[in-house]
Structures are given as C-alpha cells and as structure tokens.
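Dropping entry_16.pdb in here (PDB, C-alpha atoms, pLDDT in the B column):
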ATOM      1  CA  MET T   1    -157.529  18.251  31.815  1.00 61.00           C
ATOM      2  CA  ARG T   2    -159.219  17.912  35.185  1.00 80.00           C
ATOM      3  CA  ARG T   3    -162.794  19.034  35.028  1.00 84.00           C
ATOM      4  CA  ASP T   4    -164.730  20.707  37.832  1.00 85.00           C
ATOM      5  CA  TRP T   5    -166.779  17.594  38.600  1.00 85.00           C
ATOM      6  CA  HIS T   6    -168.416  19.052  41.699  1.00 86.00           C
ATOM      7  CA  ASP T   7    -170.073  21.824  39.705  1.00 89.00           C
ATOM      8  CA  ILE T   8    -170.806  19.521  36.769  1.00 91.00           C
ATOM      9  CA  TRP T   9    -172.630  16.963  38.931  1.00 90.00           C
ATOM     10  CA  GLY T  10    -174.249  19.557  41.172  1.00 91.00           C
ATOM     11  CA  GLY T  11    -175.521  21.574  38.208  1.00 94.00           C
ATOM     12  CA  ALA T  12    -176.659  18.437  36.414  1.00 95.00           C
ATOM     13  CA  ALA T  13    -178.592  17.307  39.509  1.00 95.00           C
ATOM     14  CA  MET T  14    -180.254  20.725  39.782  1.00 96.00           C
ATOM     15  CA  ALA T  15    -181.144  20.677  36.085  1.00 97.00           C
ATOM     16  CA  ALA T  16    -182.553  17.145  36.295  1.00 97.00           C
ATOM     17  CA  ILE T  17    -184.670  17.882  39.379  1.00 96.00           C
ATOM     18  CA  GLY T  18    -185.922  21.146  37.892  1.00 96.00           C
ATOM     19  CA  ALA T  19    -186.813  19.512  34.575  1.00 97.00           C
ATOM     20  CA  ALA T  20    -188.580  16.641  36.356  1.00 97.00           C
ATOM     21  CA  VAL T  21    -190.653  19.057  38.446  1.00 96.00           C
ATOM     22  CA  ALA T  22    -191.525  21.203  35.436  1.00 96.00           C
ATOM     23  CA  PHE T  23    -192.550  18.241  33.267  1.00 96.00           C
ATOM     24  CA  TYR T  24    -194.527  16.632  36.077  1.00 96.00           C
ATOM     25  CA  ALA T  25    -196.373  19.883  36.820  1.00 95.00           C
ATOM     26  CA  MET T  26    -197.115  20.444  33.130  1.00 94.00           C
ATOM     27  CA  GLY T  27    -198.557  16.959  32.811  1.00 94.00           C
ATOM     28  CA  GLN T  28    -200.562  16.883  36.040  1.00 93.00           C
ATOM     29  CA  TYR T  29    -201.817  20.422  36.632  1.00 93.00           C
ATOM     30  CA  GLU T  30    -203.478  23.133  34.611  1.00 90.00           C
ATOM     31  CA  PHE T  31    -200.973  25.875  33.738  1.00 90.00           C
ATOM     32  CA  GLY T  32    -203.419  28.745  33.261  1.00 88.00           C
ATOM     33  CA  THR T  33    -202.451  32.208  32.028  1.00 86.00           C
ATOM     34  CA  LEU T  34    -200.563  35.136  33.514  1.00 83.00           C
ATOM     35  CA  ARG T  35    -203.862  36.773  34.433  1.00 86.00           C
ATOM     36  CA  ARG T  36    -205.382  33.600  35.839  1.00 87.00           C
ATOM     37  CA  MET T  37    -202.629  31.294  36.973  1.00 86.00           C
ATOM     38  CA  GLY T  38    -203.485  27.652  37.417  1.00 88.00           C
ATOM     39  CA  PRO T  39    -202.082  25.301  40.060  1.00 89.00           C
ATOM     40  CA  GLY T  40    -199.324  24.209  37.670  1.00 90.00           C
ATOM     41  CA  PHE T  41    -198.016  27.684  36.913  1.00 91.00           C
ATOM     42  CA  PHE T  42    -195.545  28.141  39.761  1.00 90.00           C
ATOM     43  CA  PRO T  43    -194.187  24.568  39.871  1.00 93.00           C
ATOM     44  CA  THR T  44    -193.640  24.637  36.112  1.00 95.00           C
ATOM     45  CA  VAL T  45    -191.947  28.042  36.104  1.00 94.00           C
ATOM     46  CA  LEU T  46    -189.830  27.338  39.192  1.00 94.00           C
ATOM     47  CA  GLY T  47    -188.833  23.910  37.864  1.00 96.00           C
ATOM     48  CA  ALA T  48    -187.778  25.470  34.556  1.00 97.00           C
ATOM     49  CA  LEU T  49    -185.811  28.169  36.404  1.00 97.00           C
ATOM     50  CA  LEU T  50    -184.061  25.541  38.526  1.00 96.00           C
ATOM     51  CA  ALA T  51    -183.215  23.547  35.390  1.00 97.00           C
ATOM     52  CA  GLY T  52    -181.828  26.676  33.731  1.00 97.00           C
ATOM     53  CA  LEU T  53    -179.728  27.581  36.769  1.00 97.00           C
ATOM     54  CA  GLY T  54    -178.407  24.029  36.914  1.00 96.00           C
ATOM     55  CA  LEU T  55    -177.319  24.246  33.290  1.00 97.00           C
ATOM     56  CA  MET T  56    -175.714  27.636  33.961  1.00 96.00           C
ATOM     57  CA  ILE T  57    -173.607  25.944  36.636  1.00 95.00           C
ATOM     58  CA  ALA T  58    -172.835  22.658  34.844  1.00 94.00           C
ATOM     59  CA  LEU T  59    -172.006  23.799  31.318  1.00 94.00           C
ATOM     60  CA  PRO T  60    -169.229  26.308  32.140  1.00 92.00           C
ATOM     61  CA  ALA T  61    -167.764  23.801  34.605  1.00 91.00           C
ATOM     62  CA  TRP T  62    -167.162  21.390  31.724  1.00 88.00           C
ATOM     63  CA  ARG T  63    -164.388  23.708  30.437  1.00 87.00           C
ATOM     64  CA  ARG T  64    -163.078  24.697  33.852  1.00 85.00           C
ATOM     65  CA  SER T  65    -160.521  22.732  35.781  1.00 83.00           C
ATOM     66  CA  GLY T  66    -161.284  21.839  39.345  1.00 79.00           C
ATOM     67  CA  GLU T  67    -159.702  20.117  42.248  1.00 79.00           C
ATOM     68  CA  ALA T  68    -161.017  17.133  44.134  1.00 73.00           C
ATOM     69  CA  ARG T  69    -162.785  17.954  47.375  1.00 76.00           C
ATOM     70  CA  PRO T  70    -164.047  15.524  49.955  1.00 80.00           C
ATOM     71  CA  PHE T  71    -167.771  14.908  50.253  1.00 80.00           C
ATOM     72  CA  ALA T  72    -169.175  16.828  53.231  1.00 84.00           C
ATOM     73  CA  ALA T  73    -171.191  13.963  54.715  1.00 89.00           C
ATOM     74  CA  HIS T  74    -171.857  15.556  58.120  1.00 92.00           C
ATOM     75  CA  GLU T  75    -173.097  18.776  56.554  1.00 92.00           C
ATOM     76  CA  ALA T  76    -175.286  16.939  54.055  1.00 91.00           C
ATOM     77  CA  LEU T  77    -176.745  14.734  56.789  1.00 95.00           C
ATOM     78  CA  ALA T  78    -177.531  17.765  58.963  1.00 95.00           C
ATOM     79  CA  VAL T  79    -179.349  19.532  56.119  1.00 94.00           C
ATOM     80  CA  LEU T  80    -181.304  16.405  55.160  1.00 95.00           C
ATOM     81  CA  ALA T  81    -182.229  15.825  58.817  1.00 96.00           C
ATOM     82  CA  ALA T  82    -183.398  19.438  59.118  1.00 96.00           C
ATOM     83  CA  ILE T  83    -185.592  19.065  56.023  1.00 95.00           C
ATOM     84  CA  ALA T  84    -187.055  15.803  57.345  1.00 96.00           C
ATOM     85  CA  LEU T  85    -187.729  17.314  60.773  1.00 95.00           C
ATOM     86  CA  PHE T  86    -189.444  20.293  59.180  1.00 94.00           C
ATOM     87  CA  GLY T  87    -191.605  18.114  56.972  1.00 92.00           C
ATOM     88  CA  LEU T  88    -192.567  15.744  59.771  1.00 94.00           C
ATOM     89  CA  GLY T  89    -193.043  18.354  62.494  1.00 91.00           C
ATOM     90  CA  LEU T  90    -194.874  21.203  60.783  1.00 89.00           C
ATOM     91  CA  GLN T  91    -198.471  20.039  61.349  1.00 88.00           C
ATOM     92  CA  ARG T  92    -197.991  18.902  64.940  1.00 89.00           C
ATOM     93  CA  LEU T  93    -195.440  21.409  66.260  1.00 91.00           C
ATOM     94  CA  GLY T  94    -196.337  24.448  64.178  1.00 90.00           C
ATOM     95  CA  LEU T  95    -194.356  26.752  61.925  1.00 91.00           C
ATOM     96  CA  MET T  96    -192.313  28.678  64.501  1.00 93.00           C
ATOM     97  CA  PRO T  97    -190.883  25.828  66.628  1.00 94.00           C
ATOM     98  CA  THR T  98    -190.380  23.538  63.640  1.00 95.00           C
ATOM     99  CA  THR T  99    -188.489  26.209  61.708  1.00 95.00           C
ATOM    100  CA  ALA T 100    -186.318  27.013  64.729  1.00 96.00           C
ATOM    101  CA  VAL T 101    -185.489  23.336  65.344  1.00 96.00           C
ATOM    102  CA  ALA T 102    -184.684  22.774  61.662  1.00 97.00           C
ATOM    103  CA  VAL T 103    -182.306  25.751  61.660  1.00 96.00           C
ATOM    104  CA  LEU T 104    -180.615  24.537  64.832  1.00 96.00           C
ATOM    105  CA  VAL T 105    -180.115  21.045  63.388  1.00 96.00           C
ATOM    106  CA  ALA T 106    -178.842  22.396  60.054  1.00 96.00           C
ATOM    107  CA  SER T 107    -176.329  24.638  61.853  1.00 95.00           C
ATOM    108  CA  LEU T 108    -174.813  21.843  63.976  1.00 94.00           C
ATOM    109  CA  PRO T 109    -171.855  21.058  61.675  1.00 94.00           C
ATOM    110  CA  ALA T 110    -170.965  24.743  61.207  1.00 91.00           C
ATOM    111  CA  PRO T 111    -167.301  25.429  62.029  1.00 88.00           C
ATOM    112  CA  ARG T 112    -168.259  28.382  64.231  1.00 88.00           C
ATOM    113  CA  ARG T 113    -168.756  27.221  67.814  1.00 89.00           C
ATOM    114  CA  GLY T 114    -171.203  28.511  70.387  1.00 90.00           C
ATOM    115  CA  TRP T 115    -174.938  28.371  70.804  1.00 92.00           C
ATOM    116  CA  ARG T 116    -175.938  32.049  70.988  1.00 94.00           C
ATOM    117  CA  TRP T 117    -175.536  32.755  67.288  1.00 94.00           C
ATOM    118  CA  ARG T 118    -177.426  29.557  66.447  1.00 95.00           C
ATOM    119  CA  VAL T 119    -180.364  30.537  68.652  1.00 95.00           C
ATOM    120  CA  MET T 120    -180.391  34.079  67.241  1.00 96.00           C
ATOM    121  CA  LEU T 121    -180.303  32.675  63.704  1.00 96.00           C
ATOM    122  CA  ALA T 122    -183.122  30.222  64.485  1.00 96.00           C
ATOM    123  CA  VAL T 123    -185.301  32.977  65.961  1.00 96.00           C
ATOM    124  CA  ALA T 124    -184.595  35.346  63.058  1.00 97.00           C
ATOM    125  CA  ILE T 125    -185.344  32.743  60.387  1.00 95.00           C
ATOM    126  CA  ALA T 126    -188.487  31.553  62.195  1.00 95.00           C
ATOM    127  CA  ALA T 127    -189.726  35.160  62.386  1.00 95.00           C
ATOM    128  CA  LEU T 128    -188.909  35.762  58.717  1.00 95.00           C
ATOM    129  CA  THR T 129    -190.674  32.525  57.757  1.00 92.00           C
ATOM    130  CA  TRP T 130    -193.774  33.589  59.704  1.00 92.00           C
ATOM    131  CA  LEU T 131    -193.675  37.047  58.115  1.00 92.00           C
ATOM    132  CA  VAL T 132    -193.410  35.708  54.560  1.00 90.00           C
ATOM    133  CA  PHE T 133    -195.710  32.685  54.691  1.00 87.00           C
ATOM    134  CA  LYS T 134    -198.348  33.577  57.295  1.00 86.00           C
ATOM    135  CA  GLU T 135    -198.577  37.340  56.973  1.00 85.00           C
ATOM    136  CA  GLY T 136    -197.428  37.937  53.407  1.00 85.00           C
ATOM    137  CA  LEU T 137    -198.847  34.916  51.572  1.00 81.00           C
ATOM    138  CA  GLN T 138    -201.689  34.216  54.054  1.00 82.00           C
ATOM    139  CA  MET T 139    -200.957  30.471  54.035  1.00 82.00           C
ATOM    140  CA  THR T 140    -203.040  28.315  56.326  1.00 84.00           C
ATOM    141  CA  MET T 141    -200.719  26.350  58.582  1.00 82.00           C
ATOM    142  CA  PRO T 142    -200.392  26.092  62.346  1.00 84.00           C
ATOM    143  CA  VAL T 143    -197.988  28.619  63.828  1.00 85.00           C
ATOM    144  CA  TRP T 144    -197.646  27.030  67.279  1.00 87.00           C
ATOM    145  CA  PRO T 145    -198.087  23.465  68.606  1.00 86.00           C
ATOM    146  CA  ARG T 146    -201.577  22.045  68.801  1.00 74.00           C
ATOM    147  CA  LEU T 147    -202.187  21.265  72.426  1.00 66.00           C
ATOM    148  CA  GLY T 148    -204.473  18.448  73.449  1.00 57.00           C
ATOM    149  CA  THR T 149    -204.453  16.578  70.106  1.00 49.00           C
TER     150      THR T 149
END
Output the structure of this file as structure tokens.
Amino acid sequence: MRRDWHDIWGGAAMAAIGAAVAFYAMGQYEFGTLRRMGPGFFPTVLGALLAGLGLMIALPAWRRSGEARPFAAHEALAVLAAIALFGLGLQRLGLMPTTAVAVLVASLPAPRRGWRWRVMLAVAIAALTWLVFKEGLQMTMPVWPRLGT
C-alpha cells in the first residue's frame, strides 16, 4: 500500500515544531493562570495546538494512500524568502512596507500572471496586519520606515 507520505511528513513536522515550542516555553517562561497569563501561556498553548493539528494530519494519512508529487522548490523558496525579508526588514522599513514586500515576494511563483492582483493583495494584507497588530493588539512596532537613522 502506498501511504500519503506528503501528509505524514508534513503533519509530523508540524507536530514536532509545535511540541518543541510548547516544551521550550514551558521550561523557560512562567505559564501563569487563565486570569493572569504569564509570558509562557500563549507559546505553550499555540505550540500544543500546532502539535495536535500536526497529529490530526499525520495519523489519518498513515492509512490513506497517496500519490507522489514533486517538491515545490520555487514556491518554498519564495515563502522562505518572504519570511526572511519580513524578519530582517520590520524594524528598519516598518510594518506596512515590509508586509507588502513579503506578500509580493511570496506571490511570485503563483500560476496566475499579472501584477495588479498582487499589489491589491499586498495592500489588503498590509492593511489587515496593521489593523490587527497595531490597532487591535496595540503592539509597539514601527509602521513606516525610520528616516534619518
């Protein structure tokens, strides 16, 4: 029987990363309580949720047959480059431009051609990111580039 190796390995990777984050957060940060959450509360809970979701993907795939698919190297490289650009550019370029550039880079290998939809997507996601993180969660991060530094 051919197993669905893509879902098995993908789910296993998610479960391993989630478990590692949860265990690290439990060991390094105070968990707190529901009324007074500590700095380790969210990383522990989100890591455990990611581990659970990974298992929910990997375990059923063990009984399911799958077909071999090629590794999407261009798509993976674009997503990793977008994450790296976001991480490296956030403090200097600010939230809005960095988010827009990351979305544009991540959308490069998309089969749909054209630039208008990419720009509209980048603007929409940058605005949503600003709304959630700056306005909703009141996080302190630069929104626009720091000029003169």
Using CA of Glu75 in chain T and CA of Leu108 in chain T as the two end points, give the distance in Å to one decimal.
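Computed distance, CA of Glu75 in chain T to CA of Leu108 in chain T, equals 8.2 Å.
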Here is a test: counting only C-alpha atoms, which residue of T:Pro109, T:Gly32, T:Gly54, T:Pro97 is nearest to Gly10 in chain T?
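Smallest distance to Gly10 in chain T is found for T:Gly54.
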Env of Ala122 in chain T: 9 Å cut, atoms = only C-alpha atoms, seq-sep filter 6 positions within chain, self excluded. Answer as an NGL selection string.
:T and (99-104)
Would you kindly translate the PyMOL selection byres ((chain T and resi 44) around 10) into the concrete residues it picks from this file, as a PyMOL selection string?
chain T and resi 18-27+29+31+39-43+45-50
Please enumerate the residues selected by the PyMOL selection byres ((chain T and resi 129) around 12) when evaluated against the supplied file, formatted as a short mmCIF file (atom, residue, chain, number, x, y, z; two decimals) with C-alpha atoms, keeping the file's coordinate frame.
data_model
loop_
_atom_site.label_atom_id
_atom_site.label_comp_id
_atom_site.auth_asym_id
_atom_site.auth_seq_id
_atom_site.Cartn_x
_atom_site.Cartn_y
_atom_site.Cartn_z
CA GLY T 94 -196.34 24.45 64.18
CA LEU T 95 -194.36 26.75 61.92
CA MET T 96 -192.31 28.68 64.50
CA PRO T 97 -190.88 25.83 66.63
CA THR T 98 -190.38 23.54 63.64
CA THR T 99 -188.49 26.21 61.71
CA ALA T 100 -186.32 27.01 64.73
CA VAL T 103 -182.31 25.75 61.66
CA LEU T 121 -180.30 32.67 63.70
CA ALA T 122 -183.12 30.22 64.48
CA VAL T 123 -185.30 32.98 65.96
CA ALA T 124 -184.60 35.35 63.06
CA ILE T 125 -185.34 32.74 60.39
CA ALA T 126 -188.49 31.55 62.20
CA ALA T 127 -189.73 35.16 62.39
CA LEU T 128 -188.91 35.76 58.72
CA TRP T 130 -193.77 33.59 59.70
CA LEU T 131 -193.68 37.05 58.12
CA VAL T 132 -193.41 35.71 54.56
CA PHE T 133 -195.71 32.68 54.69
CA LYS T 134 -198.35 33.58 57.30
CA GLU T 135 -198.58 37.34 56.97
CA GLY T 136 -197.43 37.94 53.41
CA LEU T 137 -198.85 34.92 51.57
CA GLN T 138 -201.69 34.22 54.05
CA MET T 139 -200.96 30.47 54.04
CA MET T 141 -200.72 26.35 58.58
CA VAL T 143 -197.99 28.62 63.83
#
Translate the PyMOL selection byres ((chain T and resi 78-87) around 6), as applied to the file shown, into an explicit residue set as number ranges by chain.
T: 75-77, 88-90, 98, 102, 105-106
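Between CA of Ser107 in chain T and CA of Trp144 in chain T the interatomic distance comes to 22.1 Å.
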Go through T:Gly38, T:Arg3, T:Gly52, T:Trp115 one by one, measure the shortest atom-to-atom distance of each to Ile17 in chain T using all atoms listed in the file, and give the residue with the smallest value.
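Closest to Ile17 in chain T of all the choices is T:Gly52.
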Here is a test: counting all atoms listed in the file, which residue of T:Gln91, T:Ala15, T:Trp9, T:Leu53 is nearest to Thr140 in chain T?
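Comparing T:Gln91, T:Ala15, T:Trp9, T:Leu53 against Thr140 in chain T, the winner is T:Gln91.
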One decimal, Å: what's the distance from CA of Ala58 in chain T over to CA of Ala12 in chain T, could you say?
5.9 Å
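The smallest atom-to-atom distance between Ala110 in chain T and any of T:Leu93, T:Ala61, T:Leu55, T:Ala72, using only C-alpha atoms, is found for T:Ala72.
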Please list as a ChimeraX atom specification every residue within 10 Å of Pro60 in chain T, counting all atoms listed in the file and excluding residues in the same chain fewer than 2 positions away.
/T:4,7-8,11,55-58,62-64
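In this comparison, which uses only C-alpha atoms, the residue of T:Ala68, T:Ala51, T:Leu59, T:Leu34 approaching His6 in chain T most closely is T:Ala68.
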